[in-house]
Amino acid sequence: MTAGTVLTDDKIPNNVNLSGDKRLQRALEAWQPAFIDWWKTMGPVGWQQKDIFLRTAVSVETDGWAHFDYVKMPDYRWGIFLEPKVEGRLHHFGDNLGTPVWDEVPGEFRNLLRRLIVTQGDTEPASVEQQRDLGATAPSLYDLRNLFQVNVEEGRHLWAMVYLLHTYFGRDGREEADELLQRRSGDVDKPRILGAFNEPTSHWLSFFMFTMFTDRDGKYQLAALAESGFDPLARTCRFMLTEEAHHMFVGESGIQRVCKRACELMKADANGEVRAQGGIDLPTIQKYLNLWYTLSLDLFGGEVSSNAADAYAAGLKGRYKEERYDEHKLIGSTFAMDVLREGKIVHEDVPMRTALNEVLRTEYIKDCQRGVDRWNKTIHDAGVAFELKLPSNKFNRQIGMWSTLNKQITPDGQIVDASAWAAAAPSWLPTAEDETYIKSLMKPVFEPGKMASWIAPPLKGINNLPGDFEYVR
Amino acid sequence: MVTSSKLLDTDDPMDPVTNEPARVEFETHPSRYKHWKLAVDGDVARLVMAVDADHPHRPGYELKLNSYDLSVDIELADAIQRLRFEHPGVRALVISADLDRVFCSGANIYMLGLSTHSFKVNFCKFTNETRLYLEDASALGGLASIAACRGTTAGGGYELALACDEIMLVDDGNSAVSFPETPLLAVLPGTGGLTRLVDKRKVRRDRADVFCTTAEGIKGKRAREWNLVDHVVARTKWDETVLARAKAVAAAQTITRGSAFALPALGGTVATAGAVDSLAYRFVRLVVDHATRTATLDVTAPDAVEDPDAIAATGAEPWALRAFRELDDALLHLRFEHADIGVVLVRTHGKHDVVRGCDEALAKSTTGFAREVRHLQRRVLKRFDNTARSFYAVADAADSCFAGVLLELALGSDRFYMLLDDKGTIGVSTSVANAGFHQTCTNMSRLEARFYGDPGKVDAILRRGAEGAIPTEEADKLGLATVAADDIDFADELRIAVEERASLSPDALTGMEASLRFVGPETLETKIFGRLSAWQNWIFTRANSTGEHGALTLYGQPERPQFQWKRT
């Protein structure tokens, strides 16, 4: 785009008065072309010129956030939406409890806030990069379309964070926004900020696990930021949460369909051999569950964290659904949790503010369990005696206090010696052979209404469309 | 035992007698001195310390035995300033006392015990600046000084003597010079004494160690032998010897002086509206907002280029002198009365060419008066450097005038925010005032300090500046702006930076700024402020001096101090 070109509200759907905001226009005029370049270079490989049946948010009204139509992805109308402002909103937690929320960045917390926004923003393009090759092996057009829906919405979430950086953080914000497009998942020189976002999503089982578990971390982080006393951040995150829900649906229903298919194949074969018939067996699903669930637990940060305490005290990041709690200052209260003391697991009280990462993680675990329960119901309803389980929150951790016992804690949460752990590990976590096997199944199915051998069809189509709808053409 | 309720708190400056907000008055005149007598006789002036015990700066203590407090030092600073401007015939200043057997017993201990920490720090800083004025007057103003100590010269009294060119001590078998602070009070002689002993008078450091831990001090021949004093004189020969030395010192001065110029009163106007206090003079305006803990300091240029000598000849005060005296006064009020203010936004107003013209005229003039004006500007800029507040210079309006001597304010500030306007109206200008004229306490110009180790950049800026005003964009490229932003970003950049600054620990900022501002090698001056004063301020907050059982707390009480014996 050349200088002076006006970014219209039509081109970029928004409810932030883009056409009247000179500062934002100027920032986006430089950034938007770079984003499109990034999307073309780092977005889904091979599908940029196809028509995809996608949902676009065109307003924050009830009917506005889900406008469906065919669109070529580079022409997708990435927009900027904040939930409408609630007048008179007050800080409802932290040291500023009861005082009016901030409409501008308070200078005191500029760096802390920028860090929160940049860290959140960095995960959005990272996941698009991680998933860019998956289109070539989609198990159906339905799934292919869902992948792209997730991808463009991660792109929109990037826009949401960039909007905040451009509008509220001046020159520093613009530089940070540029760097969000310069870092690359897995790049040696400029990797994405969080470790979990630097591994490629190598196949669809991982993609479903990622959208189930890792996107669910995103939901909880967004929910905590939706409580923020920095009102534009809170309003942005609240709108993002509506989109995030769809991503988790893709993950949860995806795994559910894989389980369903596994059960069908078990019953179809005399020996119950799922793999022999081109399916993914339940014990293998459990291993991938173990891997992605524990990787996602790491994203909540250290169990005892002064950063978490600071963000809460400052009123920048609350608890999940803060209004459900009675007490909102959290000085003097404690949280009972497992901690590591001289190599032993001890249950003790930790000052509440420093335990807030663990508080949020605990909410997340409950939510994950609900999803796993639904999978188990599918398995049970199919007449198969097998139960998927969430492993211990201490198992396979790379970050936090349990990471020091990384290869000594079992999925049951027991400390064993390293050799026993290593001997059992192939039954807990995916092996190279598992990975080879799963990849061998990844053959694309692009015929409308057809499914790959390892996954059951969805219960219903997108927007209640028929099963053989041509989502991608 | 001092209780906290009795502390004279500058954060809550209510006068305990009138119960009205107490304003510190830094302006005075010899006709109103309570603690000094100034007499001029030919080329010798005598400043006699005669502290009125019943008129301390604040009620609550008596100024016995020529002990001093802020009110005594304000008069001393005024006297030195006036001698330089109003009495150009004076070449030697003799500082003595009107008491028999006591010259000066130093800062009043009860006053220190009653003062808040911030007051102590600012008092100490002001006295240090005043001592340095004595040395400045001698080195650059052709006005040498002699301390005529006809009696006990203790603590701050001896520090005052150390700031003079020569020290004469009466040889009466009793009078001694001493630093009893460490052995008696568990603090330091904090007004430059330790530094001047070894750096200025070159007293052997082991002897200095003995001297500083000997409460009764050292007298007579040994005082001379250790170079603690320059002359020891018998009582019978005292007056004639002092006069002879004064005459000899006066005769040795070579710097041109005069013409005489009587410094008019400044008469700032104080106003209060809600949480906002303002102090307005003719060219300087200080507005403090207690709600945001932020102040604005505005300095305005004159309307037209001035010839300082011609204006002074009419009895009027040239801008170059007036504006900087106003700035000096405003800085002192900021320091003493507004402890809660953390960030000061410095703006200038006027025409660049006018300020440059004033600088040129001041530089070209060979009169003693013009030289004194330049030196006063330099001293005021040093006071600015030494003020423990975060200064952000701001060039954000068409009339912004960071030119020449006013550019020094931007160069002395911690950061410089410049608005990038479409027409390039806003910018900076250099003049002779930026080329080594106004040295900082590290003996560098502010440009040299800014580009320490890269003199090429200084040359490039001065060469470019000679061609005319440097617009923001270019100033930014030349390294003059900290942040250059256009109208879309500017207001937010500045607002956020100010809010962020105001949220940081005042103590850490003071230490950080003092460490970053004084770039380059140490001098006597940097050591006094950065080493001696800093340690003193640390000691002042420690239990061994000001704790319940501390020596300063228990001074004059029957109890003995109890020390905590751990060394750092």
# chains A, B, ... in the order shown; residues from 1 in each chain; ligands from 1

$ interface_residues --of "chain A" --to "chain B" --cutoff "7 Å" --atoms "only C-alpha atoms" --output "PyMOL selection string"
chain A and resi 23+106-108+170

$ closest_atom_pairs --of "stretch 63-140 of chain B" --to "stretch 173-189 of chain B" --cutoff "12 Å" --atoms "only C-alpha atoms" --output "Markdown table"
| residue | atom | partner | partner_atom | distance |
| --- | --- | --- | --- | --- |
| B:Asp100 | CA | B:Ser175 | CA | 10.6 |
| B:Arg101 | CA | B:Ser175 | CA | 6.9 |
| B:Val102 | CA | B:Ser175 | CA | 7.9 |
| B:Phe103 | CA | B:Ser175 | CA | 9.2 |
| B:Cys104 | CA | B:Val177 | CA | 10.0 |
| B:Ser105 | CA | B:Ser178 | CA | 9.4 |
| B:Gly106 | CA | B:Pro189 | CA | 9.2 |
| B:Ala107 | CA | B:Pro189 | CA | 9.5 |
| B:Asn108 | CA | B:Glu181 | CA | 11.8 |
| B:Ile109 | CA | B:Leu185 | CA | 8.8 |
| B:Tyr110 | CA | B:Leu185 | CA | 11.5 |
| B:Leu112 | CA | B:Leu185 | CA | 11.0 |
| B:Gly113 | CA | B:Leu185 | CA | 10.7 |
| B:Cys124 | CA | B:Pro189 | CA | 10.2 |
| B:Thr127 | CA | B:Pro189 | CA | 11.9 |
| B:Asn128 | CA | B:Pro189 | CA | 11.2 |

$ closest_residue --among "A:Met266, A:Val346, A:Ile117, A:Met209" --to "A:Ile285" --atoms "only C-alpha atoms"
A:Met209

$ closest_atom_pairs --of "stretch 252-288 of chain B" --to "stretch 36-54 of chain B" --cutoff "12 Å" --atoms "only C-alpha atoms" --output "tab-separated table"
residue	atom	partner	partner_atom	distance
B:Ala252	CA	B:Asp43	CA	11.3
B:Gln253	CA	B:Asp43	CA	10.3
B:Arg257	CA	B:Asp43	CA	11.4

$ residues_around --residues "A:Lys394" --least-positions-apart "3" --cutoff "8 Å" --atoms "only C-alpha atoms" --output "VMD selection string"
chain A and resid 397 402 to 403 409 411 413

$ residues_around --residues "A:Glu342" --least-positions-apart "3" --cutoff "12 Å" --atoms "only C-alpha atoms" --output "list of chain:residue names"
A:Val339, A:Ile345, A:Val346, A:Met401, A:Thr404, A:Leu405

$ write_last_selection --atoms "all heavy atoms" --output "PDB file, in the first residue's frame"
ATOM      1  N   VAL A 339       3.706 -28.261  46.764  1.00  0.00           N
ATOM      2  CA  VAL A 339       4.980 -27.629  46.420  1.00  0.00           C
ATOM      3  C   VAL A 339       6.096 -28.637  46.661  1.00  0.00           C
ATOM      4  O   VAL A 339       5.904 -29.661  47.326  1.00  0.00           O
ATOM      5  CB  VAL A 339       5.254 -26.354  47.264  1.00  0.00           C
ATOM      6  CG1 VAL A 339       4.237 -25.272  46.963  1.00  0.00           C
ATOM      7  CG2 VAL A 339       5.259 -26.672  48.751  1.00  0.00           C
ATOM      8  N   ILE A 345       7.085 -33.919  47.728  1.00  0.00           N
ATOM      9  CA  ILE A 345       5.872 -33.161  47.434  1.00  0.00           C
ATOM     10  C   ILE A 345       5.147 -32.890  48.739  1.00  0.00           C
ATOM     11  O   ILE A 345       4.814 -33.827  49.481  1.00  0.00           O
ATOM     12  CB  ILE A 345       4.961 -33.947  46.469  1.00  0.00           C
ATOM     13  CG1 ILE A 345       5.697 -34.177  45.139  1.00  0.00           C
ATOM     14  CG2 ILE A 345       3.649 -33.196  46.245  1.00  0.00           C
ATOM     15  CD1 ILE A 345       5.021 -35.194  44.233  1.00  0.00           C
ATOM     16  N   VAL A 346       4.926 -31.625  49.036  1.00  0.00           N
ATOM     17  CA  VAL A 346       4.291 -31.232  50.294  1.00  0.00           C
ATOM     18  C   VAL A 346       3.100 -30.344  49.961  1.00  0.00           C
ATOM     19  O   VAL A 346       3.174 -29.500  49.078  1.00  0.00           O
ATOM     20  CB  VAL A 346       5.290 -30.433  51.171  1.00  0.00           C
ATOM     21  CG1 VAL A 346       4.663 -30.092  52.515  1.00  0.00           C
ATOM     22  CG2 VAL A 346       6.576 -31.218  51.362  1.00  0.00           C
ATOM     23  N   MET A 401       8.169 -25.345  39.206  1.00  0.00           N
ATOM     24  CA  MET A 401       8.930 -26.066  40.240  1.00  0.00           C
ATOM     25  C   MET A 401       9.068 -27.559  39.952  1.00  0.00           C
ATOM     26  O   MET A 401       9.997 -28.192  40.405  1.00  0.00           O
ATOM     27  CB  MET A 401       8.333 -25.826  41.622  1.00  0.00           C
ATOM     28  CG  MET A 401       6.958 -26.387  41.840  1.00  0.00           C
ATOM     29  SD  MET A 401       6.475 -26.242  43.576  1.00  0.00           S
ATOM     30  CE  MET A 401       6.208 -24.490  43.755  1.00  0.00           C
ATOM     31  N   THR A 404      12.215 -29.484  37.694  1.00  0.00           N
ATOM     32  CA  THR A 404      13.476 -30.054  38.184  1.00  0.00           C
ATOM     33  C   THR A 404      13.373 -31.581  38.300  1.00  0.00           C
ATOM     34  O   THR A 404      14.377 -32.269  38.300  1.00  0.00           O
ATOM     35  CB  THR A 404      13.840 -29.483  39.578  1.00  0.00           C
ATOM     36  OG1 THR A 404      12.710 -29.658  40.431  1.00  0.00           O
ATOM     37  CG2 THR A 404      14.195 -28.011  39.476  1.00  0.00           C
ATOM     38  N   LEU A 405      12.124 -32.070  38.409  1.00  0.00           N
ATOM     39  CA  LEU A 405      11.923 -33.529  38.468  1.00  0.00           C
ATOM     40  C   LEU A 405      11.286 -34.013  37.160  1.00  0.00           C
ATOM     41  O   LEU A 405      10.522 -34.972  37.126  1.00  0.00           O
ATOM     42  CB  LEU A 405      11.022 -33.897  39.650  1.00  0.00           C
ATOM     43  CG  LEU A 405      11.626 -33.610  41.020  1.00  0.00           C
ATOM     44  CD1 LEU A 405      10.634 -33.956  42.123  1.00  0.00           C
ATOM     45  CD2 LEU A 405      12.913 -34.400  41.220  1.00  0.00           C
TER      46      LEU A 405
END

$ atom_distance --atom1 "atom CA of B:Ala260" --atom2 "atom CA of B:Val354"
25.5 Å

$ residues_around --residues "B:Gln562" --least-positions-apart "3" --cutoff "9 Å" --atoms "only C-alpha atoms" --output "PyMOL selection string"
chain B and resi 544+548-551

$ write_last_selection --atoms "N, CA and C atoms" --output "PDB file, in the first residue's frame"
ATOM      1  N   ASN B 544      22.789   3.580  64.128  1.00  0.00           N
ATOM      2  CA  ASN B 544      23.900   4.035  64.958  1.00  0.00           C
ATOM      3  C   ASN B 544      23.959   5.557  65.111  1.00  0.00           C
ATOM      4  N   GLU B 548      17.055   4.634  67.972  1.00  0.00           N
ATOM      5  CA  GLU B 548      16.661   4.939  69.351  1.00  0.00           C
ATOM      6  C   GLU B 548      17.875   5.141  70.256  1.00  0.00           C
ATOM      7  N   HIS B 549      18.892   4.287  70.007  1.00  0.00           N
ATOM      8  CA  HIS B 549      20.103   4.389  70.834  1.00  0.00           C
ATOM      9  C   HIS B 549      21.255   5.010  70.069  1.00  0.00           C
ATOM     10  N   GLY B 550      20.945   5.720  68.989  1.00  0.00           N
ATOM     11  CA  GLY B 550      21.986   6.299  68.151  1.00  0.00           C
ATOM     12  C   GLY B 550      22.628   7.512  68.793  1.00  0.00           C
ATOM     13  N   ALA B 551      23.844   7.799  68.334  1.00  0.00           N
ATOM     14  CA  ALA B 551      24.621   8.866  68.955  1.00  0.00           C
ATOM     15  C   ALA B 551      24.010  10.243  68.709  1.00  0.00           C
TER      16      ALA B 551
END

$ residues_around --residues "A:Asn357" --least-positions-apart "4" --cutoff "7 Å" --atoms "only C-alpha atoms" --output "PyMOL selection string"
chain A and resi 300-303+308+361
